[in-house]
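Chemist: Below is a structure I'd like to ask you about.
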Amino acid sequence: MKLSAQLLGVLGASSLVLAVASCSTPSALSSASPVTITFSSYTYGVQGAAGTGTQKLLDAFASAHPEVKVVPQSVPTADVLTKAKTDVAAGNAPDVVQLGYSKLAEAFQTLPVQSLEQIAGSEWKDHVAGINRALVDTGKKDGQVGALPFTVSIPTLFYNADLFRKAGLDPNRPPTSIDEVRTDAAAITTSGHKGVYFGVVDSGKSDYLTQSVIDSAGGSTVGADGSVTVDSPEAVRGLSLVQSLTRDGLQPAVGLDDATASFSAGDLGMFVVSTAVAGSLQKAATGKFELRSAAFPSFGAGKAAPTFSGAGLIVLSRDEAKQKAAWEFVKFLTSAEGYSMITKDIGYLPLRAGLEDDPRYLKDYFASNRLLLPPLGQLAAVSPYRSFPGQNANQAVVVLQDDAVAPIVLRGADPQEKLSAVASRIRELTGK
């Protein structure tokens, strides 16, 4: 698929060879002497659906697999890679890590990422059958898969149908383009509320949403050859369109947390953000307003090109027994049951084909929960997530988001000037 080919072209610049597990066929584990593994996770222990949903997954695994004891470690999104590198250097590496896709390329170069194919052995082929192939391939390096998709979403336009009606808009006709978003936001603002918010400024960096904006405008953050292209005319145009919403009073100049609070309180008409917050938004809306969702909008003549956000699961342990225990854990989290729980309890997309129509899993859920249907429809044609090359890839993301996106969108900085300056810095960091 196009997704895997383009992303692998970027990851292919890495020099890391995935470590090969010492045994190709997992042996039985015993509940009489459970193996303890650690799980570094940025959704464990947090407030809201992400935290409670992750705990449900852990509880379900513990019930089904008494032979494995999982000790979760709560690590902030921005610190997962840094902490893993520090722990590896100290000889105390976590066994399983929930790692954001923006950090995967750097992890392949700096961490002892194990080959899941080698650990799984004969179970591998049957297990990955049915998982979204493009997402499996995002975790592939040098012909081996080192990361399986875990919590994955694409940006979605959530909207308050009651505010649409109050503004004289038809909630059955949500905006499909940035121009229509602007028009609807103006109507909602005129009616006395805040119009729209694109969640591109977030402590978690939200570079997936920045990429979605730029890609939908016809650009890219990284070229097919790995070159840095964040200062292309298309990139400038995309972020300029989002900036104009803030400049013209249609988008509040606040961070993501404040925007989430505003939308949850019923004072923000449209909220473009990850489906990961769908559960929390639905809970907040219940009894207050009618919450609906629509696909990510287009940014010009072409089709919308949202990319995905979220994380894959990697195994770092070199110990054979812990590797086998880790595989049982990863296998459960990426099973039909695991993906169904992730969708129902957290709000990420189901990544196995047919789960949404299967009465054993998500058919009943989707019959009454429609919020994830628009992004699910866009998942098949999702734009590739593009990692900056090299060992400073994660730092490059931070530079892009903090030194360009935030000043442009929230503080009125000149898009061309900021993106040009940041592109130069990222090229120095990545050598591209």
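Numbering starts fresh at 1 for the residues of each chain in the structure tokens, the chains themselves are lettered A, B, ... in the order given, and ligands are numbered from 1 as they appear.
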Any chance you could tabulate, as a tab-separated table, the residues of region 247-317 of chain A at most 10 Å from region 180-202 of chain A with each one's nearest atom pair and distance in Å to one decimal, using only C-alpha atoms, in chain and rising number order?

Modeler:
```
residue	atom	partner	partner_atom	distance
A:Asp248	CA	A:Ala186	CA	9.1
A:Gly249	CA	A:Thr189	CA	8.1
A:Leu250	CA	A:Gly195	CA	5.1
A:Gln251	CA	A:Val196	CA	5.1
A:Pro252	CA	A:Tyr197	CA	6.9
A:Ala253	CA	A:Tyr197	CA	8.9
A:Val254	CA	A:Val201	CA	8.4
A:Gly255	CA	A:Val201	CA	5.8
A:Leu256	CA	A:Asp202	CA	5.4
A:Asp257	CA	A:Asp202	CA	7.8
A:Ala259	CA	A:Tyr197	CA	6.9
A:Thr260	CA	A:Gly199	CA	9.1
A:Ser262	CA	A:Lys194	CA	8.4
A:Phe263	CA	A:Lys194	CA	8.8
A:Gly266	CA	A:His193	CA	8.8
A:Asp267	CA	A:His193	CA	5.5
A:Leu268	CA	A:Lys194	CA	4.7
A:Gly269	CA	A:Gly195	CA	5.1
A:Met270	CA	A:Val196	CA	4.4
A:Phe271	CA	A:Tyr197	CA	5.0
A:Val272	CA	A:Phe198	CA	4.8
A:Val273	CA	A:Gly199	CA	5.3
A:Ser274	CA	A:Gly199	CA	8.3
A:Pro297	CA	A:Val181	CA	7.9
A:Ser298	CA	A:Glu180	CA	9.6
```

Chemist: Would you save the residues of that selection, restricted to N, CA and C atoms, as a JSON list (two decimals), in the first residue's frame?

Modeler:
```
[["chain", "number", "residue", "atom", "x", "y", "z"],
["A", 248, "ASP", "N", -9.13, 36.06, 12.98],
["A", 248, "ASP", "CA", -10.44, 36.66, 12.73],
["A", 248, "ASP", "C", -11.46, 36.36, 13.82],
["A", 249, "GLY", "N", -10.98, 35.85, 14.96],
["A", 249, "GLY", "CA", -11.87, 35.65, 16.10],
["A", 249, "GLY", "C", -12.77, 34.44, 16.01],
["A", 250, "LEU", "N", -12.48, 33.53, 15.10],
["A", 250, "LEU", "CA", -13.32, 32.35, 14.92],
["A", 250, "LEU", "C", -12.79, 31.15, 15.70],
["A", 251, "GLN", "N", -11.56, 31.26, 16.19],
["A", 251, "GLN", "CA", -10.91, 30.19, 16.94],
["A", 251, "GLN", "C", -10.22, 30.80, 18.15],
["A", 252, "PRO", "N", -10.48, 30.27, 19.36],
["A", 252, "PRO", "CA", -9.83, 30.84, 20.54],
["A", 252, "PRO", "C", -8.33, 30.58, 20.55],
["A", 253, "ALA", "N", -7.57, 31.56, 21.00],
["A", 253, "ALA", "CA", -6.11, 31.45, 21.05],
["A", 253, "ALA", "C", -5.69, 30.82, 22.37],
["A", 254, "VAL", "N", -6.03, 29.54, 22.52],
["A", 254, "VAL", "CA", -5.75, 28.83, 23.76],
["A", 254, "VAL", "C", -5.13, 27.47, 23.43],
["A", 255, "GLY", "N", -4.64, 26.79, 24.47],
["A", 255, "GLY", "CA", -4.12, 25.46, 24.30],
["A", 255, "GLY", "C", -5.22, 24.42, 24.25],
["A", 256, "LEU", "N", -4.83, 23.18, 24.01],
["A", 256, "LEU", "CA", -5.81, 22.12, 23.83],
["A", 256, "LEU", "C", -6.66, 21.87, 25.06],
["A", 257, "ASP", "N", -6.08, 21.94, 26.25],
["A", 257, "ASP", "CA", -6.84, 21.67, 27.46],
["A", 257, "ASP", "C", -7.98, 22.67, 27.64],
["A", 259, "ALA", "N", -9.39, 24.40, 25.26],
["A", 259, "ALA", "CA", -10.38, 24.17, 24.20],
["A", 259, "ALA", "C", -11.26, 22.97, 24.53],
["A", 260, "THR", "N", -10.66, 21.94, 25.09],
["A", 260, "THR", "CA", -11.44, 20.76, 25.49],
["A", 260, "THR", "C", -12.48, 21.14, 26.54],
["A", 262, "SER", "N", -13.81, 24.07, 26.99],
["A", 262, "SER", "CA", -14.82, 24.91, 26.35],
["A", 262, "SER", "C", -15.81, 24.07, 25.56],
["A", 263, "PHE", "N", -15.32, 23.10, 24.81],
["A", 263, "PHE", "CA", -16.22, 22.25, 24.04],
["A", 263, "PHE", "C", -17.08, 21.39, 24.97],
["A", 266, "GLY", "N", -20.05, 23.09, 26.29],
["A", 266, "GLY", "CA", -21.08, 23.46, 25.33],
["A", 266, "GLY", "C", -20.93, 24.85, 24.76],
["A", 267, "ASP", "N", -19.72, 25.42, 24.84],
["A", 267, "ASP", "CA", -19.51, 26.79, 24.37],
["A", 267, "ASP", "C", -18.67, 26.87, 23.10],
["A", 268, "LEU", "N", -18.23, 25.74, 22.57],
["A", 268, "LEU", "CA", -17.43, 25.70, 21.35],
["A", 268, "LEU", "C", -18.15, 24.84, 20.32],
["A", 269, "GLY", "N", -18.33, 25.40, 19.12],
["A", 269, "GLY", "CA", -19.15, 24.72, 18.12],
["A", 269, "GLY", "C", -18.51, 23.52, 17.48],
["A", 270, "MET", "N", -17.21, 23.63, 17.10],
["A", 270, "MET", "CA", -16.52, 22.55, 16.40],
["A", 270, "MET", "C", -15.15, 22.33, 17.02],
["A", 271, "PHE", "N", -14.76, 21.07, 17.09],
["A", 271, "PHE", "CA", -13.52, 20.69, 17.75],
["A", 271, "PHE", "C", -12.83, 19.64, 16.90],
["A", 272, "VAL", "N", -11.70, 20.00, 16.27],
["A", 272, "VAL", "CA", -10.97, 19.06, 15.41],
["A", 272, "VAL", "C", -9.83, 18.48, 16.23],
["A", 273, "VAL", "N", -9.96, 17.18, 16.54],
["A", 273, "VAL", "CA", -9.03, 16.56, 17.48],
["A", 273, "VAL", "C", -9.06, 15.06, 17.28],
["A", 274, "SER", "N", -8.20, 14.35, 17.97],
["A", 274, "SER", "CA", -8.11, 12.90, 17.87],
["A", 274, "SER", "C", -9.37, 12.21, 18.37],
["A", 297, "PRO", "N", -11.81, 17.80, 7.37],
["A", 297, "PRO", "CA", -12.12, 18.58, 6.17],
["A", 297, "PRO", "C", -10.96, 18.68, 5.18],
["A", 298, "SER", "N", -11.31, 18.98, 3.95],
["A", 298, "SER", "CA", -10.30, 19.22, 2.92],
["A", 298, "SER", "C", -9.76, 20.64, 3.06]]
```

Chemist: Ile314 (chain A): which residues within 8 Å, counting only C-alpha atoms, same-chain residues fewer than 6 positions away excluded, as a PyMOL selection string?

Modeler: chain A and resi 96-99+113-114+116+146-148

Chemist: For Gly238 (chain A), work out the shell of residues within 6 Å, counting only C-alpha atoms and skipping chain neighbours fewer than 4 positions away, then give it as a list in words.

Modeler: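 That gives Val213, Ile214 and Ala217 of chain A.
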
Chemist: Selection from above, C-alpha atoms, as a PDB file, in the first residue's frame, can you write it?

Modeler:
```pdb
ATOM      1  CA  VAL A 213      -3.399  20.080   7.780  1.00  0.00           C
ATOM      2  CA  ILE A 214      -0.259  20.291   5.634  1.00  0.00           C
ATOM      3  CA  ALA A 217      -3.207  21.417   1.658  1.00  0.00           C
TER       4      ALA A 217
END
```

Chemist: Have a look at CA of Arg411 (chain A) and CA of Lys432 (chain A) and let me know their distance in Å, one decimal.

Modeler: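 Atom-to-atom, CA of Arg411 (chain A) and CA of Lys432 (chain A) are spaced 28.5 Å apart.
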
Chemist: May I have the residues within 7 Å of Ala93 (chain A) as a ChimeraX atom specification, using only C-alpha atoms and disregarding those fewer than 6 positions away in the same chain?

Modeler: /A:84,87,316-317

Chemist: Please list as number ranges by chain every residue within 12 Å of Leu362 (chain A), counting only C-alpha atoms and excluding residues in the same chain fewer than 4 positions away.

Modeler: A: 336-345, 349-358, 366-370, 372-373

Chemist: Give me a file of those residues, with C-alpha atoms, as a PDB file, in the first residue's frame.

Modeler:
```pdb
ATOM      1  CA  ALA A 336     -10.074  -8.804  18.434  1.00  0.00           C
ATOM      2  CA  GLU A 337     -11.031  -8.564  22.107  1.00  0.00           C
ATOM      3  CA  GLY A 338      -8.299  -6.054  22.886  1.00  0.00           C
ATOM      4  CA  TYR A 339      -9.036  -3.773  19.932  1.00  0.00           C
ATOM      5  CA  SER A 340     -12.760  -3.919  20.733  1.00  0.00           C
ATOM      6  CA  MET A 341     -12.111  -2.814  24.311  1.00  0.00           C
ATOM      7  CA  ILE A 342      -9.813  -0.039  23.073  1.00  0.00           C
ATOM      8  CA  THR A 343     -12.621   1.248  20.850  1.00  0.00           C
ATOM      9  CA  LYS A 344     -15.442   0.958  23.376  1.00  0.00           C
ATOM     10  CA  ASP A 345     -13.588   2.079  26.480  1.00  0.00           C
ATOM     11  CA  LEU A 349     -10.330   3.031  16.046  1.00  0.00           C
ATOM     12  CA  PRO A 350     -10.712  -0.751  15.677  1.00  0.00           C
ATOM     13  CA  LEU A 351      -7.754  -1.990  13.645  1.00  0.00           C
ATOM     14  CA  ARG A 352      -8.954  -5.461  12.661  1.00  0.00           C
ATOM     15  CA  ALA A 353     -11.134  -5.813   9.595  1.00  0.00           C
ATOM     16  CA  GLY A 354     -14.765  -6.585  10.263  1.00  0.00           C
ATOM     17  CA  LEU A 355     -14.920  -5.859  13.989  1.00  0.00           C
ATOM     18  CA  GLU A 356     -17.455  -3.096  13.418  1.00  0.00           C
ATOM     19  CA  ASP A 357     -19.861  -5.610  11.817  1.00  0.00           C
ATOM     20  CA  ASP A 358     -19.168  -8.585  14.100  1.00  0.00           C
ATOM     21  CA  PHE A 366     -21.545   0.961  16.402  1.00  0.00           C
ATOM     22  CA  ALA A 367     -25.298   0.597  16.087  1.00  0.00           C
ATOM     23  CA  SER A 368     -25.707   3.114  18.900  1.00  0.00           C
ATOM     24  CA  ASN A 369     -22.363   4.917  18.872  1.00  0.00           C
ATOM     25  CA  ARG A 370     -21.899   6.791  15.628  1.00  0.00           C
ATOM     26  CA  LEU A 372     -16.283   6.893  15.168  1.00  0.00           C
ATOM     27  CA  LEU A 373     -17.945   6.070  11.860  1.00  0.00           C
TER      28      LEU A 373
END
```

Chemist: Would you list the contacts of Tyr348 (chain A) as a PDB file with N, CA and C atoms, in the first residue's frame, taking every protein, DNA or RNA residue within 6 Å and counting only C-alpha atoms, but skipping same-chain residues closer than 6 positions in sequence?

Modeler:
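around-v3.pdb written:
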```pdb
ATOM      1  N   THR A 151      -2.931   1.874  19.943  1.00  0.00           N
ATOM      2  CA  THR A 151      -3.958   2.916  20.072  1.00  0.00           C
ATOM      3  C   THR A 151      -3.795   3.874  18.904  1.00  0.00           C
ATOM      4  N   VAL A 152      -4.694   3.813  17.953  1.00  0.00           N
ATOM      5  CA  VAL A 152      -4.564   4.573  16.705  1.00  0.00           C
ATOM      6  C   VAL A 152      -5.851   5.341  16.413  1.00  0.00           C
ATOM      7  N   SER A 153      -5.697   6.560  15.976  1.00  0.00           N
ATOM      8  CA  SER A 153      -6.855   7.365  15.588  1.00  0.00           C
ATOM      9  C   SER A 153      -6.450   8.308  14.463  1.00  0.00           C
ATOM     10  N   THR A 275      -9.721  11.088  17.756  1.00  0.00           N
ATOM     11  CA  THR A 275     -10.844  10.289  18.240  1.00  0.00           C
ATOM     12  C   THR A 275     -10.564   9.707  19.620  1.00  0.00           C
ATOM     13  N   ALA A 276      -9.334   9.801  20.085  1.00  0.00           N
ATOM     14  CA  ALA A 276      -9.001   9.273  21.411  1.00  0.00           C
ATOM     15  C   ALA A 276      -9.833   9.931  22.504  1.00  0.00           C
TER      16      ALA A 276
END
```

Chemist: When DSSP is applied to the backbone of this structure, which of region 3-228 of chain A are assigned alpha helix (DSSP H)? Write them out as an mmCIF file with C-alpha atoms, in the first residue's frame.

Modeler:
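Once everything was written out, this is result_8.cif:
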```cif
data_model
loop_
_atom_site.group_PDB
_atom_site.id
_atom_site.type_symbol
_atom_site.label_atom_id
_atom_site.label_comp_id
_atom_site.auth_asym_id
_atom_site.auth_seq_id
_atom_site.Cartn_x
_atom_site.Cartn_y
_atom_site.Cartn_z
ATOM 1 C CA LEU A 3 1.212 4.168 3.270
ATOM 2 C CA SER A 4 3.787 1.526 3.981
ATOM 3 C CA ALA A 5 5.964 2.324 0.994
ATOM 4 C CA GLN A 6 6.294 6.008 1.823
ATOM 5 C CA LEU A 7 6.771 5.570 5.553
ATOM 6 C CA LEU A 8 9.260 2.776 5.127
ATOM 7 C CA GLY A 9 11.187 5.024 2.767
ATOM 8 C CA VAL A 10 11.690 7.375 5.681
ATOM 9 C CA LEU A 11 12.389 4.662 8.243
ATOM 10 C CA ALA A 49 -11.439 7.384 29.328
ATOM 11 C CA ALA A 50 -7.810 6.777 28.320
ATOM 12 C CA GLY A 51 -6.813 5.936 31.878
ATOM 13 C CA THR A 52 -9.874 3.908 32.827
ATOM 14 C CA GLY A 53 -9.850 2.096 29.477
ATOM 15 C CA THR A 54 -6.189 1.133 29.839
ATOM 16 C CA GLN A 55 -6.887 -0.187 33.326
ATOM 17 C CA LYS A 56 -9.735 -2.325 31.967
ATOM 18 C CA LEU A 57 -7.336 -3.815 29.431
ATOM 19 C CA LEU A 58 -4.834 -4.612 32.169
ATOM 20 C CA ASP A 59 -7.535 -6.171 34.344
ATOM 21 C CA ALA A 60 -8.858 -8.284 31.470
ATOM 22 C CA PHE A 61 -5.380 -9.529 30.636
ATOM 23 C CA ALA A 62 -4.641 -10.340 34.279
ATOM 24 C CA SER A 63 -7.838 -12.376 34.486
ATOM 25 C CA ALA A 64 -7.096 -14.325 31.294
ATOM 26 C CA VAL A 80 8.203 7.970 26.824
ATOM 27 C CA LEU A 81 11.182 7.756 24.471
ATOM 28 C CA THR A 82 13.536 9.729 26.684
ATOM 29 C CA LYS A 83 12.701 7.640 29.740
ATOM 30 C CA ALA A 84 13.059 4.396 27.789
ATOM 31 C CA LYS A 85 16.515 5.453 26.581
ATOM 32 C CA THR A 86 17.532 6.416 30.124
ATOM 33 C CA ASP A 87 16.241 3.131 31.536
ATOM 34 C CA VAL A 88 18.016 1.110 28.839
ATOM 35 C CA ALA A 89 21.286 2.878 29.611
ATOM 36 C CA LEU A 104 9.242 5.293 16.301
ATOM 37 C CA ALA A 105 11.947 6.108 13.759
ATOM 38 C CA GLU A 106 14.269 7.395 16.470
ATOM 39 C CA ALA A 107 13.474 4.404 18.691
ATOM 40 C CA PHE A 108 14.541 2.038 15.928
ATOM 41 C CA GLN A 109 17.954 3.681 15.980
ATOM 42 C CA THR A 110 18.446 4.166 19.699
ATOM 43 C CA LEU A 116 7.965 -9.364 17.278
ATOM 44 C CA GLU A 117 7.914 -11.790 14.377
ATOM 45 C CA GLN A 118 10.817 -13.732 15.858
ATOM 46 C CA ILE A 119 9.337 -13.717 19.363
ATOM 47 C CA ALA A 120 5.918 -14.872 18.143
ATOM 48 C CA TRP A 124 2.798 -14.554 13.972
ATOM 49 C CA LYS A 125 1.060 -15.115 10.648
ATOM 50 C CA ASP A 126 -2.315 -16.035 12.133
ATOM 51 C CA HIS A 127 -2.195 -13.225 14.664
ATOM 52 C CA VAL A 128 -1.551 -10.362 12.255
ATOM 53 C CA ARG A 133 -1.825 -4.050 6.949
ATOM 54 C CA ALA A 134 -0.680 -0.490 6.384
ATOM 55 C CA LEU A 135 -0.410 0.082 10.112
ATOM 56 C CA VAL A 136 1.472 -3.169 10.661
ATOM 57 C CA ASP A 137 3.966 -2.033 8.051
ATOM 58 C CA THR A 138 4.573 1.237 9.896
ATOM 59 C CA ALA A 161 -25.454 20.039 16.932
ATOM 60 C CA ASP A 162 -27.357 22.323 19.304
ATOM 61 C CA LEU A 163 -25.027 25.248 18.578
ATOM 62 C CA PHE A 164 -25.431 24.533 14.855
ATOM 63 C CA ARG A 165 -29.183 24.894 15.195
ATOM 64 C CA LYS A 166 -28.843 28.037 17.313
ATOM 65 C CA ILE A 178 -11.857 24.475 5.506
ATOM 66 C CA ASP A 179 -13.884 27.167 3.731
ATOM 67 C CA GLU A 180 -17.121 25.646 5.039
ATOM 68 C CA VAL A 181 -15.577 25.317 8.502
ATOM 69 C CA ARG A 182 -14.833 29.023 8.390
ATOM 70 C CA THR A 183 -18.361 29.925 7.284
ATOM 71 C CA ASP A 184 -19.978 27.787 9.979
ATOM 72 C CA ALA A 185 -17.588 29.081 12.643
ATOM 73 C CA ALA A 186 -18.544 32.647 11.734
ATOM 74 C CA ALA A 187 -22.226 31.829 12.160
ATOM 75 C CA ILE A 188 -21.630 30.173 15.544
ATOM 76 C CA THR A 189 -19.493 33.092 16.715
ATOM 77 C CA THR A 190 -22.191 35.557 15.701
ATOM 78 C CA ASP A 207 2.204 16.769 15.056
ATOM 79 C CA TYR A 208 -0.207 14.261 13.495
ATOM 80 C CA LEU A 209 -2.759 17.073 13.205
ATOM 81 C CA THR A 210 -0.164 19.480 11.848
ATOM 82 C CA GLN A 211 0.683 16.846 9.231
ATOM 83 C CA SER A 212 -3.009 16.361 8.450
ATOM 84 C CA VAL A 213 -3.399 20.080 7.780
ATOM 85 C CA ILE A 214 -0.259 20.291 5.634
ATOM 86 C CA ASP A 215 -0.977 17.071 3.717
ATOM 87 C CA SER A 216 -4.562 18.138 3.053
#
```

Chemist: Just checking: using only C-alpha atoms, which residue out of A:Asn160, A:Ser383, A:Asn394, A:Ser264 ends up closest to Ser309 (chain A)?

Modeler: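 Of A:Asn160, A:Ser383, A:Asn394, A:Ser264, the one nearest Ser309 (chain A) is A:Ser383, counting only C-alpha atoms.
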
Chemist: Of the candidates A:Ala301, A:Ile131, A:Ile426, A:Ala224, which shows the shortest atom-to-atom distance to Gln391 (chain A), using only C-alpha atoms?

Modeler: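 Selected residue with least distance to Gln391 (chain A): A:Ile426.
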
Chemist: In Å to one decimal, how far is CA of Lys322 (chain A) from CA of Tyr44 (chain A)?

Modeler: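 These two atoms are separated by 20.5 Å.
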